[in-house]
Amino acid sequence: MVNNVELSIIVPVYNTAQYLRQCLDSLVCQTFKEIEIIVVNDCSPDNSHDIIEEYVSKYSNIVYVNHEVNKGYGGAANSALAVSKGKYFTFVDSDDYIIDKNCYKEVMEQFEKHNINVVGFLVQALNDSDKSVRNIFKKKTEKIVKFYGSTMNIIGVNIWNKVFKKSDFIDNGLAFPEKTKYVDLEMWYKYVAKVKPEGKIINKYFYMYREFRKGSVMNDPSSAAAFFETMNRTYDWLVEQNAAEEYRDKIIDWLNVISDLLDRYSEESHAYMVEHFTNWINKIQLKSEEVNDILKMKVFAYCIKDNYTRRLYLDSIVLYKRRQNIVNKTKHEIKRVIRQIKTFFAG
C-alpha cells in the first residue's frame with residue numbers, strides 16, 4: 001500500500017479479460033510511484049476477476065472494487081472516486097494501455113510547475129482488426145490552454161487522456177452519470193461549464209486507444225439510441241445552467257459525430273438516427289446559416305429525409321451546391337492551367 005498517494009488511476013473493467021493484463025502491466029511499471037490503481041470490476045462475466053486478484057496479490061498499490069450490481073462506466077468511476085486517496089485522478093479503459101512508463105511522472109511535473117486544473121496528452125488508436133496504429137491528435141500549443149469555450153475540445157472530450165484535480169469535482173458537486181453510455185461527452189461538458197478549467201497539454205503520445213474492438217460500446221448498435229439520449233440530457237443540463245448559447249457551436253458539432261458512426265450500425269439503427277436527428281435539430285432550433293458552417297452537409301443530407309424539413313433549410317442546401325460548383329470549377333481550372341504550364345516547359 002502506498003502511504004502518500006498523489007494520483008489515483010481508475011480502471012473500469014467489463015468483459016475485457018483478453019486485454020486486461022496489457023493494461024495493468026502498463027500501469028504497474030510507471031516511474032511515478034505515488035499512485036494507486038483502482039480496478040473496478042463491474043460484474044464482468046469473463047475471467048477478469050481472477051486476473052485482477054492475481055495482480056492484487058503481486059502489487060500493493062492496486063485497490064480492487066468488485067461490484068455486486070452492474071452500474072456501467074459512470075458507476076465504476078463513482079465507486080472508485082469514493083475510495084480514492086489521490087489529489088488527482090485519471091482513467092485508463094481496461095482494453096487500452098499507457099504507452100510510456102514516464103507518462104504520469106511528466107503529468108505530475110506539470111501540476112507542480114503550474115497552478116492548473118487539468119493536464120492532457122496525445123492519443124494513438126490501435127485498430128484491433130488489422131493492428132494498424134494512427135495518431136488521433138496533432139501536436140498542440142505548449143502554453144497554458146483554456147479548456148472551455150472555443151478551445152474546450154482541443155484534445156477531445158475523452159476523460160482517459162486527461163488527469164484532473166479531484167477537488168474540482170468535489171467542490172462543484174460533479175458525479176458521473178450511471179448506467180448509460182457516452183459518459184465522456186456528458187461529464188466533460190458539465191466539468192467544463194462548472195470549472196472553466198485551464199491546463200497544459202503534453203505533446204507526447206502517451207495513450208493507446210483500441211478501436212473497432214468487437215463488443216466495445218462504440219461498436220454496439222444500441223449506441224445509436226444512447227448517443228441521442230446523452231445529447232438530450234447534456235443539452236437540457238446546459239440550458240438549466242444558462243450555458244447552452246455559450247456552447248452552441250459545440251452542441252451542433254455533436255451531430256457531425258454521426259458521420260463517424262454510420263458505418264458501424266445496422267439499418268435499424270440508421271433509421272433510428274434519422275428520426276432522432278430531425279427531432280434534435282428542431283429542439284435546438286438549428287438555423288439555416290449553421291448548416292455548412294458548423295454542421296457537415298453530408299450528415300445533414302443523409303439524415304434529413306422528410307420534405308418539410310428539407311424545405312426549411314433549402315437556402316442552405318442551394319448555397320452548399322453553389323459553393324461546391326464553384327470549388328469544382330476552380331479545381332478544374334487549376335488543373336487546366338497546370339497542364340498548360342507543363343506543356344509549355346516540356347516544349
# chains A, B, ... in the order shown; residues from 1 in each chain; ligands from 1
>>> closest_atom_pairs(of="range 40-77 of chain A", to="range 1-13 of chain A", cutoff="10 Å", atoms="only C-alpha atoms", output="tab-separated table")
residue	atom	partner	partner_atom	distance
A:Val40	CA	A:Pro12	CA	4.8
A:Asn41	CA	A:Val13	CA	4.9
A:Asp42	CA	A:Val13	CA	5.9
A:Cys43	CA	A:Val13	CA	8.3
A:Ser44	CA	A:Val13	CA	6.9
A:Ser48	CA	A:Val13	CA	7.6
A:His49	CA	A:Val13	CA	9.2
A:Ile52	CA	A:Val13	CA	9.6
A:Tyr59	CA	A:Met1	CA	8.3
A:Ser60	CA	A:Met1	CA	4.6
A:Asn61	CA	A:Met1	CA	4.9
A:Ile62	CA	A:Met1	CA	7.8
A:Val63	CA	A:Met1	CA	8.8
A:Tyr64	CA	A:Val11	CA	9.8
A:Val65	CA	A:Pro12	CA	9.5
A:Asn66	CA	A:Val13	CA	9.7
A:Gly72	CA	A:Pro12	CA	8.7
A:Tyr73	CA	A:Pro12	CA	6.4
A:Gly74	CA	A:Pro12	CA	8.9
A:Gly75	CA	A:Pro12	CA	9.1
A:Ala76	CA	A:Pro12	CA	5.8
A:Ala77	CA	A:Ile10	CA	7.0
>>> residues_around(residues="Asn153 in chain A", least_positions_apart="6", cutoff="10 Å", atoms="only C-alpha atoms", output="compact mmCIF listing (two decimals) with N, CA, C and O atoms, in the first residue's frame")
# COMPACT_ATOMS: atom_id res chain seq x y z
N LYS A 146 -6.97 27.25 -22.21
CA LYS A 146 -8.30 27.29 -21.63
C LYS A 146 -9.10 26.11 -22.18
O LYS A 146 -9.37 26.05 -23.38
N PHE A 147 -9.45 25.17 -21.31
CA PHE A 147 -10.22 24.00 -21.75
C PHE A 147 -11.72 24.30 -21.68
O PHE A 147 -12.51 23.48 -21.21
N TRP A 188 -17.69 15.67 -19.54
CA TRP A 188 -16.77 16.71 -19.97
C TRP A 188 -17.47 18.07 -20.05
O TRP A 188 -16.93 19.08 -19.58
N TYR A 189 -18.69 18.10 -20.60
CA TYR A 189 -19.39 19.37 -20.72
C TYR A 189 -19.79 19.92 -19.35
O TYR A 189 -19.73 21.14 -19.11
N VAL A 192 -16.51 21.24 -17.77
CA VAL A 192 -16.06 22.48 -18.41
C VAL A 192 -16.94 23.67 -18.01
O VAL A 192 -16.44 24.75 -17.67
N LYS A 250 -20.50 23.96 -30.35
CA LYS A 250 -20.05 22.62 -29.97
C LYS A 250 -21.22 21.64 -29.93
O LYS A 250 -21.08 20.47 -30.29
>>> select_by_dssp(residues="range 41-167 of chain A", states="helix (DSSP H, G or I)", output="ChimeraX atom specification")
/A:48-58,72-83,103-113,149-151,166-167
>>> atom_distance(atom1="CA of Gln124 in chain A", atom2="CA of Asn158 in chain A")
12.9 Å
>>> residues_around(residues="Thr16 in chain A", least_positions_apart="2", cutoff="8 Å", atoms="only C-alpha atoms", output="ChimeraX atom specification")
/A:13-14,18-20,46,48,94-95
>>> write_last_selection(atoms="all heavy atoms", output="PDB file, in the first residue's frame")
ATOM      1  N   VAL A  13     -13.632  -2.141 -15.421  1.00  0.00           N
ATOM      2  CA  VAL A  13     -13.453  -3.412 -16.140  1.00  0.00           C
ATOM      3  C   VAL A  13     -14.813  -4.045 -16.415  1.00  0.00           C
ATOM      4  O   VAL A  13     -15.625  -4.236 -15.502  1.00  0.00           O
ATOM      5  CB  VAL A  13     -12.585  -4.394 -15.319  1.00  0.00           C
ATOM      6  CG1 VAL A  13     -12.478  -5.743 -16.042  1.00  0.00           C
ATOM      7  CG2 VAL A  13     -11.201  -3.806 -15.073  1.00  0.00           C
ATOM      8  N   TYR A  14     -15.030  -4.376 -17.667  1.00  0.00           N
ATOM      9  CA  TYR A  14     -16.198  -5.182 -18.030  1.00  0.00           C
ATOM     10  C   TYR A  14     -15.883  -5.998 -19.274  1.00  0.00           C
ATOM     11  O   TYR A  14     -15.745  -5.456 -20.374  1.00  0.00           O
ATOM     12  CB  TYR A  14     -17.447  -4.318 -18.272  1.00  0.00           C
ATOM     13  CG  TYR A  14     -18.671  -5.175 -18.536  1.00  0.00           C
ATOM     14  CD1 TYR A  14     -19.352  -5.788 -17.482  1.00  0.00           C
ATOM     15  CD2 TYR A  14     -19.100  -5.431 -19.833  1.00  0.00           C
ATOM     16  CE1 TYR A  14     -20.438  -6.604 -17.707  1.00  0.00           C
ATOM     17  CE2 TYR A  14     -20.186  -6.248 -20.080  1.00  0.00           C
ATOM     18  CZ  TYR A  14     -20.855  -6.837 -19.018  1.00  0.00           C
ATOM     19  OH  TYR A  14     -21.923  -7.667 -19.244  1.00  0.00           O
ATOM     20  N   GLN A  18      -9.249 -10.340 -22.112  1.00  0.00           N
ATOM     21  CA  GLN A  18      -8.267 -10.532 -23.182  1.00  0.00           C
ATOM     22  C   GLN A  18      -7.195  -9.437 -23.207  1.00  0.00           C
ATOM     23  O   GLN A  18      -6.052  -9.677 -23.598  1.00  0.00           O
ATOM     24  CB  GLN A  18      -9.004 -10.572 -24.526  1.00  0.00           C
ATOM     25  CG  GLN A  18      -8.108 -10.730 -25.735  1.00  0.00           C
ATOM     26  CD  GLN A  18      -8.878 -10.706 -27.048  1.00  0.00           C
ATOM     27  OE1 GLN A  18     -10.121 -10.728 -27.046  1.00  0.00           O
ATOM     28  NE2 GLN A  18      -8.166 -10.675 -28.156  1.00  0.00           N
ATOM     29  N   TYR A  19      -7.572  -8.239 -22.764  1.00  0.00           N
ATOM     30  CA  TYR A  19      -6.666  -7.093 -22.844  1.00  0.00           C
ATOM     31  C   TYR A  19      -6.191  -6.597 -21.478  1.00  0.00           C
ATOM     32  O   TYR A  19      -5.323  -5.722 -21.402  1.00  0.00           O
ATOM     33  CB  TYR A  19      -7.369  -5.926 -23.556  1.00  0.00           C
ATOM     34  CG  TYR A  19      -8.015  -6.298 -24.857  1.00  0.00           C
ATOM     35  CD1 TYR A  19      -9.391  -6.503 -24.954  1.00  0.00           C
ATOM     36  CD2 TYR A  19      -7.255  -6.448 -26.016  1.00  0.00           C
ATOM     37  CE1 TYR A  19      -9.991  -6.844 -26.159  1.00  0.00           C
ATOM     38  CE2 TYR A  19      -7.841  -6.783 -27.226  1.00  0.00           C
ATOM     39  CZ  TYR A  19      -9.212  -6.980 -27.288  1.00  0.00           C
ATOM     40  OH  TYR A  19      -9.806  -7.321 -28.485  1.00  0.00           O
ATOM     41  N   LEU A  20      -6.755  -7.125 -20.418  1.00  0.00           N
ATOM     42  CA  LEU A  20      -6.566  -6.557 -19.087  1.00  0.00           C
ATOM     43  C   LEU A  20      -5.116  -6.603 -18.616  1.00  0.00           C
ATOM     44  O   LEU A  20      -4.626  -5.654 -17.988  1.00  0.00           O
ATOM     45  CB  LEU A  20      -7.480  -7.279 -18.093  1.00  0.00           C
ATOM     46  CG  LEU A  20      -7.512  -6.731 -16.674  1.00  0.00           C
ATOM     47  CD1 LEU A  20      -7.837  -5.239 -16.666  1.00  0.00           C
ATOM     48  CD2 LEU A  20      -8.540  -7.503 -15.838  1.00  0.00           C
ATOM     49  N   ASP A  46     -16.546 -12.580 -17.737  1.00  0.00           N
ATOM     50  CA  ASP A  46     -15.390 -13.386 -18.132  1.00  0.00           C
ATOM     51  C   ASP A  46     -14.484 -13.637 -16.915  1.00  0.00           C
ATOM     52  O   ASP A  46     -14.930 -13.520 -15.771  1.00  0.00           O
ATOM     53  CB  ASP A  46     -14.633 -12.706 -19.279  1.00  0.00           C
ATOM     54  CG  ASP A  46     -14.141 -11.317 -18.909  1.00  0.00           C
ATOM     55  OD1 ASP A  46     -14.206 -10.963 -17.710  1.00  0.00           O
ATOM     56  OD2 ASP A  46     -13.702 -10.570 -19.799  1.00  0.00           O
ATOM     57  N   SER A  48     -12.078 -11.854 -15.755  1.00  0.00           N
ATOM     58  CA  SER A  48     -11.400 -10.637 -15.316  1.00  0.00           C
ATOM     59  C   SER A  48     -11.125 -10.663 -13.815  1.00  0.00           C
ATOM     60  O   SER A  48     -10.075 -10.194 -13.356  1.00  0.00           O
ATOM     61  CB  SER A  48     -12.239  -9.402 -15.661  1.00  0.00           C
ATOM     62  OG  SER A  48     -12.289  -9.190 -17.052  1.00  0.00           O
ATOM     63  N   SER A  94      -9.939  -0.499 -19.664  1.00  0.00           N
ATOM     64  CA  SER A  94      -9.267  -1.783 -19.454  1.00  0.00           C
ATOM     65  C   SER A  94      -8.874  -2.501 -20.739  1.00  0.00           C
ATOM     66  O   SER A  94      -8.145  -3.494 -20.705  1.00  0.00           O
ATOM     67  CB  SER A  94     -10.144  -2.702 -18.600  1.00  0.00           C
ATOM     68  OG  SER A  94     -11.431  -2.853 -19.183  1.00  0.00           O
ATOM     69  N   ASP A  95      -9.341  -2.014 -21.893  1.00  0.00           N
ATOM     70  CA  ASP A  95      -8.895  -2.579 -23.170  1.00  0.00           C
ATOM     71  C   ASP A  95      -7.852  -1.685 -23.836  1.00  0.00           C
ATOM     72  O   ASP A  95      -7.396  -1.973 -24.935  1.00  0.00           O
ATOM     73  CB  ASP A  95     -10.065  -2.838 -24.114  1.00  0.00           C
ATOM     74  CG  ASP A  95     -10.922  -1.597 -24.352  1.00  0.00           C
ATOM     75  OD1 ASP A  95     -10.804  -0.634 -23.564  1.00  0.00           O
ATOM     76  OD2 ASP A  95     -11.716  -1.585 -25.298  1.00  0.00           O
TER      77      ASP A  95
END
>>> atom_distance(atom1="CA of Tyr97 in chain A", atom2="CA of Ile201 in chain A")
18.8 Å
>>> closest_residue(among="A:Val257, A:Val107, A:Ile202, A:Ile99", to="Lys143 in chain A", atoms="only C-alpha atoms")
A:Ile202
>>> atom_distance(atom1="CA of Glu53 in chain A", atom2="CA of Arg210 in chain A")
23.9 Å
>>> closest_residue(among="A:Val69, A:Cys103, A:Val119, A:Val92", to="Lys33 in chain A", atoms="only C-alpha atoms")
A:Cys103
>>> closest_residue(among="A:Ile170, A:Ala243, A:Ile326, A:Cys303", to="Phe277 in chain A", atoms="only C-alpha atoms")
A:Cys303
>>> closest_residue(among="A:Thr278, A:Gln340, A:Ser167, A:Ser84", to="Val195 in chain A", atoms="only C-alpha atoms")
A:Ser167
>>> residues_around(residues="Ile252 in chain A", least_positions_apart="3", cutoff="7 Å", atoms="only C-alpha atoms", output="PDB file with N, CA and C atoms, in the first residue's frame")
ATOM      1  N   ARG A 248     -23.105  26.577 -28.055  1.00  0.00           N
ATOM      2  CA  ARG A 248     -23.984  26.194 -29.166  1.00  0.00           C
ATOM      3  C   ARG A 248     -23.223  25.567 -30.331  1.00  0.00           C
ATOM      4  N   ASP A 249     -22.132  26.189 -30.748  1.00  0.00           N
ATOM      5  CA  ASP A 249     -21.365  25.645 -31.867  1.00  0.00           C
ATOM      6  C   ASP A 249     -20.920  24.223 -31.583  1.00  0.00           C
ATOM      7  N   LEU A 255     -23.463  16.561 -33.766  1.00  0.00           N
ATOM      8  CA  LEU A 255     -24.150  15.819 -34.826  1.00  0.00           C
ATOM      9  C   LEU A 255     -23.184  15.317 -35.888  1.00  0.00           C
ATOM     10  N   ILE A 294     -21.198  24.884 -39.598  1.00  0.00           N
ATOM     11  CA  ILE A 294     -20.859  24.027 -38.458  1.00  0.00           C
ATOM     12  C   ILE A 294     -21.217  22.577 -38.749  1.00  0.00           C
ATOM     13  N   LEU A 295     -22.465  22.368 -39.136  1.00  0.00           N
ATOM     14  CA  LEU A 295     -22.937  21.011 -39.406  1.00  0.00           C
ATOM     15  C   LEU A 295     -22.530  20.584 -40.808  1.00  0.00           C
TER      16      LEU A 295
END
>>> closest_residue(among="A:Thr151, A:Asn117, A:Asn102, A:Ser288", to="Asp168 in chain A", atoms="only C-alpha atoms")
A:Asn117
>>> select_by_dssp(residues="range 31-252 of chain A", states="strand (DSSP E)", output="JSON, numbers by chain")
{"A": [35, 36, 37, 38, 39, 40, 41, 62, 63, 64, 65, 66, 88, 89, 90, 91, 97, 98, 118, 119, 120, 121, 122, 123, 124, 125, 126, 127, 133, 134, 135, 145, 146, 162, 163, 164, 165, 198, 199, 200, 201, 202, 203, 204, 205, 206, 207, 208, 209, 210, 211]}
>>> closest_residue(among="A:Lys179, A:His276, A:Arg134, A:Lys200", to="Ile155 in chain A", atoms="only C-alpha atoms")
A:Lys200
>>> residues_around(residues="Glu106 in chain A", least_positions_apart="6", cutoff="12 Å", atoms="only C-alpha atoms", output="PyMOL selection string")
chain A and resi 30-32+100+112-113+119-121+163+200-204+206
>>> write_last_selection(atoms="N, CA and C atoms", output="mmCIF file, in the first residue's frame")
data_model
loop_
_atom_site.group_PDB
_atom_site.id
_atom_site.type_symbol
_atom_site.label_atom_id
_atom_site.label_comp_id
_atom_site.auth_asym_id
_atom_site.auth_seq_id
_atom_site.Cartn_x
_atom_site.Cartn_y
_atom_site.Cartn_z
ATOM 1 N N GLN A 30 4.890 2.202 -14.110
ATOM 2 C CA GLN A 30 5.067 3.653 -14.165
ATOM 3 C C GLN A 30 6.175 4.116 -13.214
ATOM 4 N N THR A 31 6.995 5.051 -13.674
ATOM 5 C CA THR A 31 8.114 5.550 -12.862
ATOM 6 C C THR A 31 7.644 6.483 -11.750
ATOM 7 N N PHE A 32 6.473 7.078 -11.916
ATOM 8 C CA PHE A 32 5.890 7.866 -10.822
ATOM 9 C C PHE A 32 5.241 6.890 -9.857
ATOM 10 N N ASP A 100 3.945 4.911 -22.534
ATOM 11 C CA ASP A 100 5.231 5.343 -21.978
ATOM 12 C C ASP A 100 5.229 5.204 -20.454
ATOM 13 N N GLU A 112 3.025 20.393 -10.668
ATOM 14 C CA GLU A 112 3.952 21.016 -9.723
ATOM 15 C C GLU A 112 4.417 22.386 -10.205
ATOM 16 N N LYS A 113 4.574 22.526 -11.519
ATOM 17 C CA LYS A 113 5.100 23.771 -12.087
ATOM 18 C C LYS A 113 4.034 24.850 -12.246
ATOM 19 N N VAL A 119 -4.311 18.285 -16.892
ATOM 20 C CA VAL A 119 -3.198 18.045 -17.822
ATOM 21 C C VAL A 119 -3.642 16.963 -18.796
ATOM 22 N N GLY A 120 -3.453 17.227 -20.086
ATOM 23 C CA GLY A 120 -3.830 16.250 -21.106
ATOM 24 C C GLY A 120 -2.633 15.811 -21.912
ATOM 25 N N PHE A 121 -2.802 14.744 -22.684
ATOM 26 C CA PHE A 121 -1.735 14.257 -23.552
ATOM 27 C C PHE A 121 -2.346 13.648 -24.803
ATOM 28 N N VAL A 163 -5.702 14.194 -16.857
ATOM 29 C CA VAL A 163 -5.600 13.996 -15.408
ATOM 30 C C VAL A 163 -6.222 15.213 -14.738
ATOM 31 N N LYS A 200 -2.516 22.214 -19.164
ATOM 32 C CA LYS A 200 -1.394 22.024 -20.073
ATOM 33 C C LYS A 200 -1.605 20.759 -20.896
ATOM 34 N N ILE A 201 -1.039 20.779 -22.109
ATOM 35 C CA ILE A 201 -1.053 19.595 -22.974
ATOM 36 C C ILE A 201 0.386 19.141 -23.168
ATOM 37 N N ILE A 202 0.648 17.876 -22.869
ATOM 38 C CA ILE A 202 1.963 17.289 -23.129
ATOM 39 C C ILE A 202 1.941 16.720 -24.542
ATOM 40 N N ASN A 203 2.810 17.211 -25.380
ATOM 41 C CA ASN A 203 2.793 16.815 -26.790
ATOM 42 C C ASN A 203 3.516 15.498 -27.033
ATOM 43 N N LYS A 204 3.049 14.484 -26.318
ATOM 44 C CA LYS A 204 3.583 13.133 -26.495
ATOM 45 C C LYS A 204 2.418 12.152 -26.555
ATOM 46 N N PHE A 206 0.959 9.327 -25.279
ATOM 47 C CA PHE A 206 1.057 8.501 -24.077
ATOM 48 C C PHE A 206 -0.015 7.418 -24.009
#
